[in-house]
Every structure is written in C-alpha cells, then in structure tokens.
>>> print(open('coords_35.txt').read())   # compact mmCIF, C-alpha atoms
# COMPACT_ATOMS: atom_id res chain seq x y z
CA MET F 1 41.20 161.18 140.44
CA SER F 2 43.28 163.66 142.43
CA SER F 3 46.62 164.29 140.75
CA ILE F 4 48.32 163.63 144.09
CA PHE F 5 47.19 160.02 144.13
CA GLY F 6 47.00 159.37 140.41
CA LYS F 7 49.69 157.86 138.22
CA LEU F 8 52.66 160.07 137.41
CA VAL F 9 53.85 160.29 133.81
CA LEU F 10 57.54 159.72 133.22
CA GLU F 11 59.31 162.31 131.11
CA SER F 12 60.16 160.14 128.10
CA PRO F 13 60.35 162.21 124.89
CA HIS F 14 62.20 159.35 123.18
CA LEU F 15 59.16 157.05 123.50
CA LYS F 16 56.08 157.04 121.31
CA SER F 17 53.74 156.18 124.18
CA THR F 18 53.62 157.47 127.73
CA VAL F 19 54.91 155.50 130.71
CA LYS F 20 53.16 155.98 134.04
CA LEU F 21 54.07 155.15 137.60
CA PRO F 22 51.50 154.23 140.28
CA VAL F 23 51.94 155.60 143.80
CA PHE F 24 53.45 152.31 145.05
CA LEU F 25 56.18 150.15 143.55
CA TYR F 26 56.55 146.76 145.14
CA GLY F 27 60.05 146.58 146.62
CA THR F 28 61.74 143.17 146.45
CA ALA F 29 65.00 143.60 148.37
CA TRP F 30 65.84 140.95 150.97
CA LYS F 31 62.87 138.71 150.09
CA LYS F 32 65.17 135.77 149.22
CA GLU F 33 63.33 132.50 148.43
CA ALA F 34 59.97 134.09 149.28
CA THR F 35 60.33 136.53 146.37
CA THR F 36 58.28 134.62 143.80
CA GLU F 37 55.21 134.22 145.99
CA LEU F 38 55.39 137.75 147.40
CA VAL F 39 55.63 139.30 143.93
CA TYR F 40 52.73 137.15 142.79
CA GLN F 41 50.65 138.21 145.81
CA ALA F 42 51.54 141.86 145.29
CA LEU F 43 50.41 141.71 141.66
CA SER F 44 47.23 139.99 142.81
CA ASN F 45 46.50 142.70 145.38
CA GLY F 46 46.73 146.03 143.63
CA PHE F 47 50.39 146.47 142.67
CA THR F 48 51.24 147.00 139.00
CA ALA F 49 54.86 148.09 139.42
CA VAL F 50 57.83 146.10 140.75
CA ASP F 51 61.35 147.20 141.65
CA THR F 52 64.31 144.82 141.72
CA ALA F 53 68.03 144.74 140.85
CA ALA F 54 70.65 142.55 139.18
CA GLN F 55 72.32 142.27 142.57
CA PRO F 56 72.11 138.72 143.98
CA LYS F 57 73.51 140.00 147.28
CA HIS F 58 70.16 141.64 148.13
CA TYR F 59 67.71 140.72 145.35
CA ARG F 60 66.48 137.67 143.45
CA GLU F 61 65.69 139.17 140.07
CA ASP F 62 65.07 135.70 138.64
CA LEU F 63 62.44 134.99 141.28
CA VAL F 64 60.83 138.39 140.68
CA ALA F 65 60.45 137.31 137.06
CA ALA F 66 59.00 133.98 138.18
CA GLY F 67 56.37 135.79 140.27
CA VAL F 68 55.49 138.06 137.35
CA SER F 69 55.28 135.08 135.01
CA LYS F 70 52.93 133.28 137.39
CA ALA F 71 50.67 136.32 137.60
CA ILE F 72 50.60 136.66 133.81
CA LYS F 73 49.84 132.96 133.32
CA GLU F 74 46.92 133.14 135.75
CA GLY F 75 45.50 136.25 134.11
CA LYS F 76 46.09 138.52 137.11
CA VAL F 77 48.03 141.03 134.99
CA ARG F 78 49.27 141.69 131.47
CA ARG F 79 52.90 142.53 130.77
CA ALA F 80 51.75 145.61 128.85
CA ASP F 81 50.09 146.94 132.02
CA LEU F 82 53.10 146.37 134.27
CA TYR F 83 56.05 148.58 135.14
CA LEU F 84 59.18 146.52 135.80
CA GLN F 85 62.26 148.28 137.08
CA THR F 86 65.69 146.80 137.73
CA LYS F 87 69.20 148.10 138.33
CA PHE F 88 72.80 147.83 137.29
CA THR F 89 74.93 147.48 140.43
CA SER F 90 78.66 148.12 140.25
CA ILE F 91 81.26 145.80 141.79
CA HIS F 92 81.29 147.93 144.94
CA GLY F 93 77.72 146.85 145.77
CA GLN F 94 78.00 143.20 144.74
CA ASP F 95 78.82 139.96 146.52
CA PRO F 96 82.08 138.92 144.80
CA ASP F 97 80.94 135.30 144.82
CA ARG F 98 77.61 136.08 143.09
CA LEU F 99 77.90 138.45 140.17
CA PRO F 100 75.85 138.88 136.98
CA TYR F 101 79.05 139.76 135.07
CA ASP F 102 82.80 139.12 134.95
CA PRO F 103 84.39 141.52 137.46
CA GLN F 104 87.65 141.48 135.49
CA SER F 105 86.02 142.78 132.32
CA PRO F 106 85.87 146.48 131.36
CA VAL F 107 83.00 148.41 132.96
CA PRO F 108 81.00 148.76 129.70
CA ASP F 109 81.16 144.97 129.30
CA GLN F 110 79.95 144.57 132.89
CA VAL F 111 77.00 146.83 132.11
CA ASN F 112 76.17 144.93 128.93
CA ALA F 113 76.32 141.57 130.70
CA SER F 114 74.11 142.82 133.53
CA VAL F 115 71.52 144.22 131.14
CA ILE F 116 71.47 141.03 129.09
CA SER F 117 70.98 138.92 132.23
CA SER F 118 68.07 141.14 133.25
CA LEU F 119 66.51 140.95 129.79
CA ASN F 120 66.82 137.16 129.90
CA ASN F 121 65.04 137.12 133.26
CA PHE F 122 62.28 139.40 131.94
CA ASP F 123 61.68 137.39 128.78
CA PHE F 124 58.03 136.41 129.15
CA GLY F 125 57.63 135.24 125.56
CA ALA F 126 56.42 131.80 126.67
CA THR F 127 53.74 133.28 128.93
CA LEU F 128 52.55 136.27 126.88
CA GLY F 129 49.23 135.37 125.35
CA GLU F 130 48.31 138.77 123.98
CA ASP F 131 51.42 139.45 121.87
CA ASP F 132 54.33 137.06 121.89
CA THR F 133 56.13 139.09 119.19
CA VAL F 134 57.14 141.67 121.79
CA GLY F 135 60.70 141.02 122.89
CA PRO F 136 61.84 141.34 126.49
CA TYR F 137 62.17 144.88 127.79
CA ILE F 138 62.78 146.78 130.99
CA ASP F 139 60.55 149.75 131.77
CA THR F 140 63.32 151.54 133.68
CA LEU F 141 66.94 150.57 134.29
CA VAL F 142 68.37 152.34 137.33
CA LEU F 143 72.05 152.91 138.04
CA HIS F 144 72.09 151.60 141.61
CA SER F 145 74.61 154.20 142.82
CA PRO F 146 76.83 156.74 141.08
CA MET F 147 80.29 155.46 140.23
CA PRO F 148 83.33 156.83 142.13
CA THR F 149 83.79 159.65 139.58
CA ILE F 150 81.44 161.51 137.26
CA ALA F 151 83.49 160.27 134.29
CA GLU F 152 82.89 156.67 135.35
CA THR F 153 79.22 157.39 136.00
CA LEU F 154 78.85 158.82 132.51
CA GLU F 155 80.65 155.79 131.03
CA VAL F 156 78.01 153.52 132.57
CA TRP F 157 75.19 155.88 131.60
CA HIS F 158 76.25 156.17 127.97
CA THR F 159 76.51 152.37 127.77
CA LEU F 160 72.95 152.09 129.07
CA GLU F 161 71.72 154.74 126.62
CA GLN F 162 72.50 152.39 123.73
CA TYR F 163 69.61 150.16 124.84
CA VAL F 164 67.07 153.00 124.86
CA PRO F 165 64.29 152.96 123.74
CA ARG F 166 63.95 149.36 122.55
CA GLU F 167 65.23 147.06 125.32
CA ILE F 168 65.17 149.75 128.01
CA HIS F 169 62.43 152.38 127.97
CA ASN F 170 63.80 154.74 130.61
CA LEU F 171 66.89 155.31 132.73
CA GLY F 172 67.18 156.33 136.37
CA ILE F 173 69.66 156.68 139.20
CA SER F 174 69.58 155.77 142.88
CA ASN F 175 71.47 156.84 146.02
CA CYS F 176 72.32 160.11 144.30
CA ASN F 177 73.01 163.55 145.76
CA LEU F 178 71.87 166.80 144.19
CA PHE F 179 75.19 167.83 142.64
CA THR F 180 75.75 164.46 140.94
CA LEU F 181 72.17 164.48 139.71
CA MET F 182 72.54 167.96 138.25
CA ASP F 183 75.80 167.00 136.54
CA LEU F 184 74.35 163.80 135.12
CA HIS F 185 71.21 165.56 133.91
CA GLU F 186 73.30 168.19 132.16
CA ARG F 187 75.56 165.71 130.36
CA ALA F 188 73.24 162.79 129.61
CA ASN F 189 71.64 162.30 126.20
CA ILE F 190 68.79 160.31 127.76
CA LYS F 191 67.86 162.28 130.86
CA PRO F 192 67.12 160.41 134.10
CA ALA F 193 63.40 159.74 134.37
CA VAL F 194 63.48 158.65 138.02
CA VAL F 195 65.61 159.15 141.12
CA GLN F 196 65.33 156.52 143.85
CA ASN F 197 66.65 157.71 147.22
CA ARG F 198 66.28 157.08 150.92
CA PHE F 199 63.64 159.40 152.37
CA TYR F 200 65.00 160.27 155.79
CA ALA F 201 66.27 163.03 158.06
CA ASP F 202 69.99 162.46 157.36
CA THR F 203 69.53 164.01 153.89
CA LYS F 204 66.96 166.56 155.13
CA PHE F 205 64.36 164.43 153.35
CA ASP F 206 65.99 165.26 150.01
CA ILE F 207 64.25 168.63 149.77
CA GLY F 208 66.80 169.94 147.25
CA VAL F 209 66.82 166.76 145.18
CA ARG F 210 63.03 166.62 145.11
CA LYS F 211 62.80 170.28 144.05
CA PHE F 212 65.23 169.65 141.18
CA CYS F 213 63.30 166.54 140.19
CA GLN F 214 60.04 168.47 140.07
CA GLU F 215 61.63 171.23 137.96
CA LYS F 216 63.09 168.72 135.48
CA GLY F 217 60.17 166.29 135.25
CA ILE F 218 61.99 163.52 137.13
CA ILE F 219 59.88 161.30 139.39
CA TYR F 220 61.23 160.85 142.91
CA GLN F 221 61.01 157.31 144.30
CA ALA F 222 61.21 157.21 148.09
CA PHE F 223 62.51 154.17 149.94
CA TRP F 224 63.09 153.42 153.65
CA THR F 225 60.02 155.58 154.12
CA LEU F 226 58.76 153.63 157.14
CA SER F 227 61.84 151.93 158.59
CA ALA F 228 63.96 155.10 158.67
CA ASN F 229 61.24 157.34 160.08
CA PRO F 230 59.69 155.97 163.29
CA GLY F 231 59.57 159.51 164.65
CA LEU F 232 57.48 160.70 161.72
CA THR F 233 55.11 157.79 162.20
CA ARG F 234 54.50 159.00 165.76
CA SER F 235 54.22 162.68 164.78
CA PRO F 236 50.99 164.61 165.49
CA GLU F 237 50.34 165.19 161.78
CA VAL F 238 50.53 161.49 160.94
CA GLN F 239 48.47 160.48 163.97
CA GLN F 240 45.85 163.10 163.10
CA LEU F 241 45.49 161.89 159.52
CA ALA F 242 45.43 158.24 160.63
CA ASN F 243 42.52 159.02 162.95
CA LYS F 244 40.64 160.99 160.30
CA LEU F 245 41.00 158.26 157.68
CA GLY F 246 40.73 155.27 159.99
CA VAL F 247 44.03 153.83 158.77
CA SER F 248 47.31 152.81 160.39
CA PRO F 249 49.91 155.49 161.14
CA GLN F 250 52.22 153.79 158.65
CA ALA F 251 49.64 154.11 155.87
CA ALA F 252 48.95 157.72 156.90
CA LEU F 253 52.67 158.49 156.62
CA TYR F 254 52.65 157.06 153.11
CA CYS F 255 49.75 159.35 152.23
CA LEU F 256 51.50 162.46 153.55
CA VAL F 257 54.74 161.64 151.73
CA LEU F 258 52.73 161.26 148.54
CA GLY F 259 51.15 164.62 149.37
CA LEU F 260 54.58 166.20 148.81
CA GLU F 261 53.80 165.59 145.12
CA ASN F 262 55.92 164.16 142.31
CA VAL F 263 56.71 161.28 144.68
CA VAL F 264 56.07 157.54 144.51
CA ILE F 265 56.99 155.08 147.23
CA LEU F 266 58.71 151.71 147.34
CA ASN F 267 56.45 149.52 149.45
CA GLY F 268 58.03 146.17 150.33
CA THR F 269 55.52 144.80 152.79
CA THR F 270 55.42 141.03 153.19
CA SER F 271 51.94 141.16 154.74
CA LEU F 272 48.97 140.47 152.49
CA VAL F 273 46.81 142.45 154.90
CA ASN F 274 49.10 145.47 154.59
CA MET F 275 49.18 145.16 150.80
CA ARG F 276 45.43 145.56 150.71
CA ASP F 277 45.21 148.09 153.54
CA ASP F 278 47.88 150.37 152.06
CA TRP F 279 46.03 150.59 148.75
CA GLU F 280 42.75 151.11 150.59
CA ALA F 281 44.36 153.95 152.55
CA ILE F 282 45.28 155.67 149.29
CA GLY F 283 41.64 155.54 148.21
CA LYS F 284 40.52 156.94 151.56
CA ALA F 285 43.08 159.75 151.40
CA GLU F 286 42.05 160.60 147.87
CA ALA F 287 38.39 160.80 148.86
CA TYR F 288 39.23 162.84 151.96
CA ALA F 289 41.41 165.30 150.03
CA GLU F 290 38.64 165.86 147.49
CA ALA F 291 35.87 166.23 150.09
CA ASN F 292 37.91 168.27 152.60
CA PRO F 293 40.52 170.22 150.65
CA ALA F 294 41.11 172.80 153.41
CA SER F 295 41.67 170.14 156.08
CA TRP F 296 43.91 168.12 153.74
CA ASN F 297 45.99 171.20 152.93
CA GLU F 298 46.28 172.03 156.62
CA VAL F 299 47.69 168.64 157.63
CA ASN F 300 49.88 168.58 154.53
CA THR F 301 51.32 171.99 155.33
CA ALA F 302 52.01 170.94 158.91
CA PHE F 303 53.77 167.79 157.66
CA ARG F 304 55.95 169.81 155.30
CA ARG F 305 56.96 172.04 158.18
CA ARG F 306 57.71 168.93 160.23
CA ILE F 307 60.30 167.79 157.66
CA GLY F 308 61.71 171.28 157.17
CA GLN F 309 60.15 171.94 153.77
CA VAL F 310 58.81 175.41 153.07
CA THR F 311 55.13 175.31 152.16
CA GLY F 312 54.73 174.82 148.44
CA GLY F 313 58.47 174.20 147.98
>>> encode(input="coords_35.txt", output="structure tokens")
Amino acid sequence: MSSIFGKLVLESPHLKSTVKLPVFLYGTAWKKEATTELVYQALSNGFTAVDTAAQPKHYREDLVAAGVSKAIKEGKVRRADLYLQTKFTSIHGQDPDRLPYDPQSPVPDQVNASVISSLNNFDFGATLGEDDTVGPYIDTLVLHSPMPTIAETLEVWHTLEQYVPREIHNLGISNCNLFTLMDLHERANIKPAVVQNRFYADTKFDIGVRKFCQEKGIIYQAFWTLSANPGLTRSPEVQQLANKLGVSPQAALYCLVLGLENVVILNGTTSLVNMRDDWEAIGKAEAYAEANPASWNEVNTAFRRRIGQVTGG
C-alpha cells in the first residue's frame, strides 16, 4: 500500500505496541441524538477510528460509546482494532449548564473528572468478548484548545500525563498555533502525538504547523476540510483529479489533502453513500498514484502551489 494512503504510526515511545491512524477519523460533532446510529454505521462501513469530546455542548460522547458498543456486540469491530479519541474541554468551551466536571473545582480536578467520565463512557467490559480483563482506555486524549496561558496549558497537560500509558495511550492538542505547539512540545514529558486543527486559508493551511509536525513525528489531523474550502473543491486541480478517478470533487479534495503527507482527516459525513464512496475514492487514488506516479505528482504539486506550499515542503 502507498505510504500516502496507508495508516500512519503515532510516535509513542512510552507504549510497548504501535498505535496507527487510518486516513479518516469519523467526526461526531453536532450529531446529537443521531450519534449512536451514525457511529454504528461508520464502523460498519470502513471506519475504524472515531473522534469525540467530553463537551456536551457539541458532542454526545455517551452516544458515541453506545454506537461503538453496538458495533462490537454485532461483531462489526473489535475494541482492540479501534482508535477512540476524545478531548478535555476547558470551561471556556463548555455549556455552563452541561459540564462533565464541577466548574468551581481546581483545574486539575476538572481534568480528572473529565477523564474519568470519558473512561466510564468507554468501558466496554460488558461487550468485550475477546478479553474482558482489559480495562477502559482512551487511544488519544486531546486538549481541545490551549488554555489562556502556557502555564495553565502545562498544568492541564501534566495532569493528563499521569494517565499515560495505562488509561490514556497518547496525548494531543487541538486549535493550536505553531508557537504554542513548539512550547508545549519542548516542555512536555509526554510529547503530543497528534495536532487537530482547522485546515483552511485563514491559517495559510497550517503550513508551518504541518512542517513542525512532520519534523517531530506528530500526526496532523485536519478538520473543516470540506466546509471551509468550497473554493478548493472547485479548483482545477481538484476537478482534474475527480475526473481522472471518477469520484466527487469532495472526495478528490480529501485525496489531495492526504497527498500532503503526514495528514489524516476528520470525516463527519452523515450519508451512508458518502461513507462508502469516500473510502472507495481512497482506494482509487492509491491505485492511480501507484500506476501513474508522474501524473499523481503533477496534480499534487499543483495543489501544493494552490495552497501556497512550496513543493516538497
């Protein structure tokens, strides 16, 4: 399999076994009461990784767990083959009427309460047939946004580090600029394994962040890839690849973003057709890149220029 479209290995020297990320994570924001069924359908149609958050304002982590549990019970997936990612969200990003912790408690206590609530949601002991001695765990816990100061960010991070590697296998950060990421990476004991950011023009498509991630073995998770980039979807490079592969422009854009390398994408489609078609597009792009490397490199280079990224950078 082409390395561009294969699973990426997380940099996790503290773990005995490797953790890998597929090209798509199923995104569960704003799914509300439909979350359980959509997660179940995603896991039944090619997805093996799910992203959520302990943030009732935008996510239903409990219903994500219910969808996973249903898929495990029906033999669609095994917990050992899944990648489940959730987040700690500070008070600033929470609905004050729906919190997974006491907002009056010290920040470390808020972090602990949030992690415990997530672990309780991801306790599949009753449904695990293959090994019910494995306690609940989170593949990656992401700090949803940096705290107001680096000192506060590090306070949260060091609290999370205490759960690694048993209850939490990896740590990550979201909505993070390059300077905060560099500072965190320098000071953290457990280095961030993933960065989850908006992929859009306002941040120059995170060229600097993605370069740092590649240098440090951090996997970049792109979100808002379609909704924030209608212009890219209509671009000549995307249209050209869509025509060559016989896929939708949206799926072609996914393929070209993945072609930037060291990138995975949050895909939150609610359409079963799109779930299948997006994975099929990845297979088509993989086959095309292997059979036509010069043509693939040409369209990839043009796409990088389109987003302002120097070829190979």
>>> closest_residue(input="coords_35.txt", among="F:Phe122, F:Tyr137, F:Phe205, F:Phe199", to="F:Phe223", atoms="all atoms listed in the file")
F:Phe199
>>> residues_near_point(input="coords_35.txt", point="(45.9, 162.7, 158.4)", cutoff="9 Å", atoms="all atoms listed in the file", output="PyMOL selection string")
chain F and resi 236-245+249+252-253+255-256+285+295-296+299-300
>>> atom_distance(input="coords_35.txt", atom1="atom CA of F:Asp51", atom2="atom CA of F:Gln85")
4.8 Å
>>> residues_near_point(input="coords_35.txt", point="(57.3, 150.2, 151.6)", cutoff="7 Å", atoms="all atoms listed in the file", output="ChimeraX atom specification")
/F:27,223-226,265-269
>>> atom_distance(input="coords_35.txt", atom1="atom CA of F:Thr89", atom2="atom CA of F:Ala53")
7.4 Å
>>> residues_around(input="coords_35.txt", residues="stretch 42-44 of chain F", least_positions_apart="3", cutoff="12 Å", atoms="all atoms listed in the file", output="ChimeraX atom specification")
/F:24-28,35-39,47-51,64-65,67-72,74-79,81-84,267-276,278-279
>>> write_last_selection(input="coords_35.txt", atoms="C-alpha atoms", output="compact mmCIF listing (two decimals), in the coordinates of the input")
# COMPACT_ATOMS: atom_id res chain seq x y z
CA PHE F 24 53.45 152.31 145.05
CA LEU F 25 56.18 150.15 143.55
CA TYR F 26 56.55 146.76 145.14
CA GLY F 27 60.05 146.58 146.62
CA THR F 28 61.74 143.17 146.45
CA THR F 35 60.33 136.53 146.37
CA THR F 36 58.28 134.62 143.80
CA GLU F 37 55.21 134.22 145.99
CA LEU F 38 55.39 137.75 147.40
CA VAL F 39 55.63 139.30 143.93
CA PHE F 47 50.39 146.47 142.67
CA THR F 48 51.24 147.00 139.00
CA ALA F 49 54.86 148.09 139.42
CA VAL F 50 57.83 146.10 140.75
CA ASP F 51 61.35 147.20 141.65
CA VAL F 64 60.83 138.39 140.68
CA ALA F 65 60.45 137.31 137.06
CA GLY F 67 56.37 135.79 140.27
CA VAL F 68 55.49 138.06 137.35
CA SER F 69 55.28 135.08 135.01
CA LYS F 70 52.93 133.28 137.39
CA ALA F 71 50.67 136.32 137.60
CA ILE F 72 50.60 136.66 133.81
CA GLU F 74 46.92 133.14 135.75
CA GLY F 75 45.50 136.25 134.11
CA LYS F 76 46.09 138.52 137.11
CA VAL F 77 48.03 141.03 134.99
CA ARG F 78 49.27 141.69 131.47
CA ARG F 79 52.90 142.53 130.77
CA ASP F 81 50.09 146.94 132.02
CA LEU F 82 53.10 146.37 134.27
CA TYR F 83 56.05 148.58 135.14
CA LEU F 84 59.18 146.52 135.80
CA ASN F 267 56.45 149.52 149.45
CA GLY F 268 58.03 146.17 150.33
CA THR F 269 55.52 144.80 152.79
CA THR F 270 55.42 141.03 153.19
CA SER F 271 51.94 141.16 154.74
CA LEU F 272 48.97 140.47 152.49
CA VAL F 273 46.81 142.45 154.90
CA ASN F 274 49.10 145.47 154.59
CA MET F 275 49.18 145.16 150.80
CA ARG F 276 45.43 145.56 150.71
CA ASP F 278 47.88 150.37 152.06
CA TRP F 279 46.03 150.59 148.75
